[in-house]
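Text of run_5.cif (mmCIF, C-alpha atoms) as supplied:
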```cif
data_query
loop_
_atom_site.label_atom_id
_atom_site.label_comp_id
_atom_site.auth_asym_id
_atom_site.auth_seq_id
_atom_site.Cartn_x
_atom_site.Cartn_y
_atom_site.Cartn_z
CA MET A 1 0.00 0.00 0.00
CA VAL A 2 2.82 2.37 0.82
CA GLY A 3 4.45 1.50 -2.50
CA ALA A 4 1.29 2.46 -4.41
CA LYS A 5 1.23 5.81 -2.60
CA ARG A 6 4.89 6.47 -3.41
CA ALA A 7 4.35 5.99 -7.15
CA SER A 8 2.23 9.13 -7.25
CA ILE A 9 4.72 11.41 -5.47
CA SER A 10 7.13 13.46 -7.52
CA GLU A 11 10.53 12.28 -6.31
CA MET A 12 12.43 15.47 -7.13
CA ALA A 13 14.23 17.46 -4.48
CA THR A 14 12.90 20.93 -3.79
CA GLY A 15 13.85 23.69 -6.24
CA THR A 16 16.27 25.73 -4.13
CA ASP A 17 18.06 22.59 -3.02
CA GLN A 18 18.73 21.61 -6.62
CA VAL A 19 19.89 25.08 -7.62
CA VAL A 20 22.23 25.39 -4.66
CA GLY A 21 23.50 21.84 -5.11
CA PHE A 22 24.30 22.15 -8.78
CA SER A 23 25.85 25.59 -8.37
CA LEU A 24 28.13 24.12 -5.68
CA VAL A 25 29.16 21.38 -8.13
CA VAL A 26 29.88 23.90 -10.89
CA PHE A 27 31.78 26.13 -8.47
CA SER A 28 33.98 23.30 -7.24
CA LEU A 29 34.70 22.17 -10.82
CA VAL A 30 35.67 25.71 -11.84
CA ILE A 31 37.97 26.06 -8.84
CA PHE A 32 39.56 22.67 -9.48
CA THR A 33 40.16 23.26 -13.19
CA TYR A 34 41.55 26.78 -12.74
CA TYR A 35 43.84 25.65 -9.95
CA THR A 36 45.04 22.58 -11.84
CA VAL A 37 45.92 24.63 -14.92
CA TRP A 38 47.57 27.25 -12.74
CA VAL A 39 49.77 24.91 -10.70
CA ILE A 40 50.51 21.99 -13.01
CA ILE A 41 50.07 23.02 -16.63
CA LEU A 42 51.26 26.63 -16.75
CA PRO A 43 54.97 25.95 -15.97
CA PHE A 44 55.19 23.89 -19.14
CA ILE A 45 53.86 26.66 -21.39
CA ASP A 46 56.22 29.25 -22.89
CA SER A 47 56.19 32.52 -21.01
CA ASP A 48 55.19 34.53 -24.08
CA HIS A 49 51.96 32.58 -24.66
CA ILE A 50 48.81 34.66 -24.28
CA ILE A 51 47.26 32.34 -21.70
CA HIS A 52 49.51 33.70 -18.95
CA LYS A 53 47.49 36.89 -19.05
CA TYR A 54 44.55 35.09 -17.39
CA PHE A 55 46.47 33.82 -14.39
CA LEU A 56 47.94 35.65 -11.41
CA PRO A 57 51.64 35.29 -10.58
CA ARG A 58 52.31 31.80 -9.23
CA GLU A 59 53.20 32.92 -5.71
CA TYR A 60 49.49 33.61 -5.25
CA ALA A 61 48.77 29.95 -6.00
CA ILE A 62 50.12 29.15 -2.53
CA ILE A 63 49.18 32.32 -0.66
CA ILE A 64 45.49 32.43 -1.61
CA PRO A 65 44.52 28.86 -0.51
CA LEU A 66 46.49 29.16 2.73
CA ALA A 67 44.95 32.54 3.55
CA ALA A 68 41.49 31.20 2.70
CA GLY A 69 42.11 28.18 4.94
CA LEU A 70 43.18 30.41 7.81
CA PHE A 71 40.10 32.59 7.37
CA LEU A 72 37.95 29.47 7.39
CA LEU A 73 39.52 28.32 10.65
CA LEU A 74 39.02 31.80 12.10
CA PHE A 75 35.37 31.76 11.09
CA VAL A 76 34.81 28.28 12.53
CA GLY A 77 36.48 29.33 15.80
CA LEU A 78 34.38 32.48 16.06
CA PHE A 79 31.21 30.50 15.33
CA ILE A 80 32.00 27.96 18.03
CA THR A 81 32.75 30.78 20.48
CA TYR A 82 29.47 32.47 19.61
CA VAL A 83 27.43 29.29 20.08
CA MET A 84 29.13 28.46 23.36
CA LEU A 85 28.58 31.96 24.73
CA LYS A 86 24.95 31.84 23.70
CA ASN A 87 24.37 28.51 25.48
CA ARG A 88 25.87 29.45 28.84
CA LYS A 89 23.36 28.78 31.61
CA PRO A 90 22.86 31.82 33.89
CA ALA A 91 24.25 31.33 37.42
CA LYS A 92 21.58 30.29 39.95
CA LYS A 93 20.75 33.00 42.44
CA ALA A 94 20.59 32.06 46.13
CA ASN A 95 17.08 32.29 47.66
CA SER B 1 34.52 -10.23 9.11
CA ARG B 2 37.89 -8.90 10.16
CA GLY B 3 37.00 -8.92 13.85
CA SER B 4 36.03 -12.61 13.87
CA VAL B 5 39.20 -13.62 12.03
CA LEU B 6 41.33 -11.94 14.71
CA TRP B 7 39.22 -13.58 17.44
CA ARG B 8 39.83 -17.02 15.96
CA LEU B 9 43.55 -16.32 15.62
CA ARG B 10 43.72 -15.19 19.23
CA GLN B 11 42.35 -18.50 20.44
CA HIS B 12 45.39 -20.46 19.24
CA ASP B 13 47.73 -20.11 22.21
CA SER B 14 50.64 -21.88 20.51
CA LEU B 15 51.58 -18.74 18.55
CA PRO B 16 52.24 -15.36 20.17
CA ALA B 17 49.13 -13.37 19.35
CA ARG B 18 51.03 -10.22 18.36
CA ALA B 19 52.96 -12.03 15.62
CA LEU B 20 49.81 -12.72 13.64
CA TYR B 21 48.57 -9.15 13.65
CA SER B 22 50.03 -7.38 10.66
CA PRO B 23 49.80 -3.58 10.95
CA LEU B 24 47.60 -3.35 7.89
CA VAL B 25 44.96 -5.50 9.56
CA THR B 26 44.89 -3.92 13.02
CA MET B 27 45.40 -0.27 12.10
CA THR B 28 42.46 2.01 12.57
CA LYS B 29 41.33 4.19 9.67
CA LEU B 30 42.90 7.26 11.27
CA LYS B 31 46.31 5.61 11.50
CA GLN B 32 46.03 4.42 7.88
CA TRP B 33 45.29 7.95 6.69
CA ILE B 34 48.09 9.45 8.77
CA SER B 35 50.68 6.91 7.63
CA THR B 36 49.75 7.43 3.96
CA LEU B 37 49.99 11.19 4.36
CA LEU B 38 53.30 10.83 6.20
CA VAL B 39 54.79 8.69 3.43
CA LEU B 40 53.63 11.13 0.75
CA MET B 41 55.00 14.07 2.75
CA LEU B 42 58.39 12.37 3.09
CA ILE B 43 58.54 11.65 -0.64
CA TRP B 44 57.65 15.27 -1.36
CA LEU B 45 60.33 16.53 1.04
CA CYS B 46 62.96 14.32 -0.56
CA LEU B 47 62.03 15.59 -4.01
CA VAL B 48 62.02 19.24 -2.97
CA GLN B 49 65.36 19.09 -1.17
CA ASP B 50 66.81 17.03 -4.02
CA VAL B 51 68.19 14.50 -1.52
CA LEU B 52 69.16 12.03 -4.24
CA SER B 53 70.84 14.82 -6.25
CA LEU B 54 68.99 13.94 -9.42
CA GLY B 55 69.27 17.50 -10.74
CA TYR B 56 65.82 18.54 -11.95
CA SER B 57 64.93 21.32 -14.34
CA GLN B 58 63.46 24.47 -12.85
CA LYS B 59 60.06 23.61 -14.37
CA PHE B 60 59.89 20.31 -12.49
CA HIS B 61 60.78 22.07 -9.27
CA ASP B 62 58.11 24.71 -9.92
CA VAL B 63 55.48 21.98 -10.24
CA ILE B 64 56.60 19.86 -7.27
CA LEU B 65 56.75 22.71 -4.78
CA PRO B 66 53.05 23.63 -4.46
CA LEU B 67 51.80 20.02 -4.46
CA PRO B 68 50.68 19.79 -0.78
CA VAL B 69 48.58 22.93 -1.16
CA TYR B 70 47.28 21.51 -4.45
CA LEU B 71 46.25 18.34 -2.62
CA LEU B 72 44.38 20.40 -0.03
CA VAL B 73 42.56 22.42 -2.69
CA THR B 74 41.65 19.26 -4.63
CA ALA B 75 40.34 17.54 -1.50
CA GLY B 76 38.35 20.64 -0.56
CA SER B 77 36.77 21.01 -3.98
CA TYR B 78 35.95 17.28 -4.08
CA MET B 79 34.18 17.55 -0.73
CA LEU B 80 32.30 20.65 -1.86
CA GLY B 81 31.25 19.01 -5.12
CA THR B 82 30.08 15.81 -3.40
CA LEU B 83 28.13 17.89 -0.89
CA GLY B 84 26.44 19.78 -3.72
CA LEU B 85 25.55 16.58 -5.58
CA ARG B 86 24.03 14.95 -2.53
CA LEU B 87 22.11 18.14 -1.73
CA ALA B 88 20.71 18.25 -5.25
CA ASN B 89 19.66 14.58 -5.21
CA PHE B 90 18.11 14.45 -1.77
CA ASN B 91 14.38 13.78 -2.16
CA ASP B 92 11.59 15.29 -0.15
CA CYS B 93 8.95 12.71 0.70
CA GLU B 94 5.86 14.80 1.42
CA GLU B 95 3.36 11.95 1.86
CA ALA B 96 5.74 9.84 3.90
CA ALA B 97 6.25 12.79 6.25
CA GLN B 98 2.50 13.20 6.72
CA GLU B 99 2.06 9.47 7.24
CA LEU B 100 4.78 9.52 9.91
CA PHE B 101 3.17 12.51 11.65
CA GLN B 102 -0.17 10.68 11.67
CA GLN B 103 1.46 7.59 13.16
CA ILE B 104 3.05 9.73 15.87
CA GLN B 105 -0.39 11.14 16.74
CA GLU B 106 -1.83 7.65 16.95
CA ALA B 107 1.01 6.47 19.17
CA GLN B 108 0.58 9.46 21.48
CA ALA B 109 -3.16 8.83 21.77
CA ASP B 110 -2.56 5.16 22.43
CA LEU B 111 0.01 5.81 25.16
CA ALA B 112 -2.16 8.53 26.72
CA SER B 113 -5.04 6.06 26.98
CA LYS B 114 -2.69 3.72 28.86
CA GLY B 115 -1.65 6.46 31.25
CA LEU B 116 1.62 7.78 29.83
CA ILE B 117 1.38 11.47 28.87
CA LEU B 118 4.09 12.66 26.48
#
```
Kindly present the structure from the file in structure tokens form.
Amino acid sequence: MVGAKRASISEMATGTDQVVGFSLVVFSLVIFTYYTVWVIILPFIDSDHIIHKYFLPREYAIIIPLAAGLFLLLFVGLFITYVMLKNRKPAKKAN
Amino acid sequence: SRGSVLWRLRQHDSLPARALYSPLVTMTKLKQWISTLLVLMLIWLCLVQDVLSLGYSQKFHDVILPLPVYLLVTAGSYMLGTLGLRLANFNDCEEAAQELFQQIQEAQADLASKGLIL
């Protein structure tokens, strides 16, 4: 009986979920491709090729991810601090 | 399963139990990950410092140097992409949710009639 009910439901995820999900996938693919070309492929291309115009100097290939990672850790730490401060129980007053 | 194999091995007292436990079998997942990362890090260090004096071109050195950061970025983007895929494919089951809610109501009524108020 439950199976017959399920056949009539549309089994798609809600709209915003799909949009956010697929945009995350596209975003991660873009990041991965750009970074791979930047770190691994660019050193083997002659320095007078036009493609170098689209990429920052290679020192930034190390600085940007490390800085982003540090900012992420900072944000996570601040969030944990905020949640812990919010959940402190007030001290009991003596009667 | 792996646990039962070790249990059976342990029951033979003629052999020292430790000798039968190879590290690959008894290592936890955390230790496996850490040892793999350690080995890769050592290989990378040897290549960067040119310990074996193999004399690489500058291009090779330019590619080898950022590899740990590259690994981090790849792992991060893989996690992000997998998260996005699972989010996009997660189904809402509207009727199943209503059915569950109805069953909870019935259970509450049933328990209340027997004296347990939730």
Could you list, as a list in words, the residues of chain B having an atom within 7 Å of chain A when counting all atoms listed in the file? Lys59, Asp62, Val63, Pro66, Val69, Thr74, Ser77, Leu80, Gly81, Gly84, Leu85, Leu87, Ala88, Asn89, Phe90, Asn91 and Asp92 of chain B
What is the CA of Ile34 in chain B to CA of Pro68 in chain B distance in Å?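 Here the two named atoms are 14.3 Å from each other.
Between CA of Val48 in chain B and CA of His61 in chain B there is a distance of 7.0 Å.
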Distance CA of Glu94 in chain B-CA of Met79 in chain B, one decimal place?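 These two atoms are separated by 28.5 Å.
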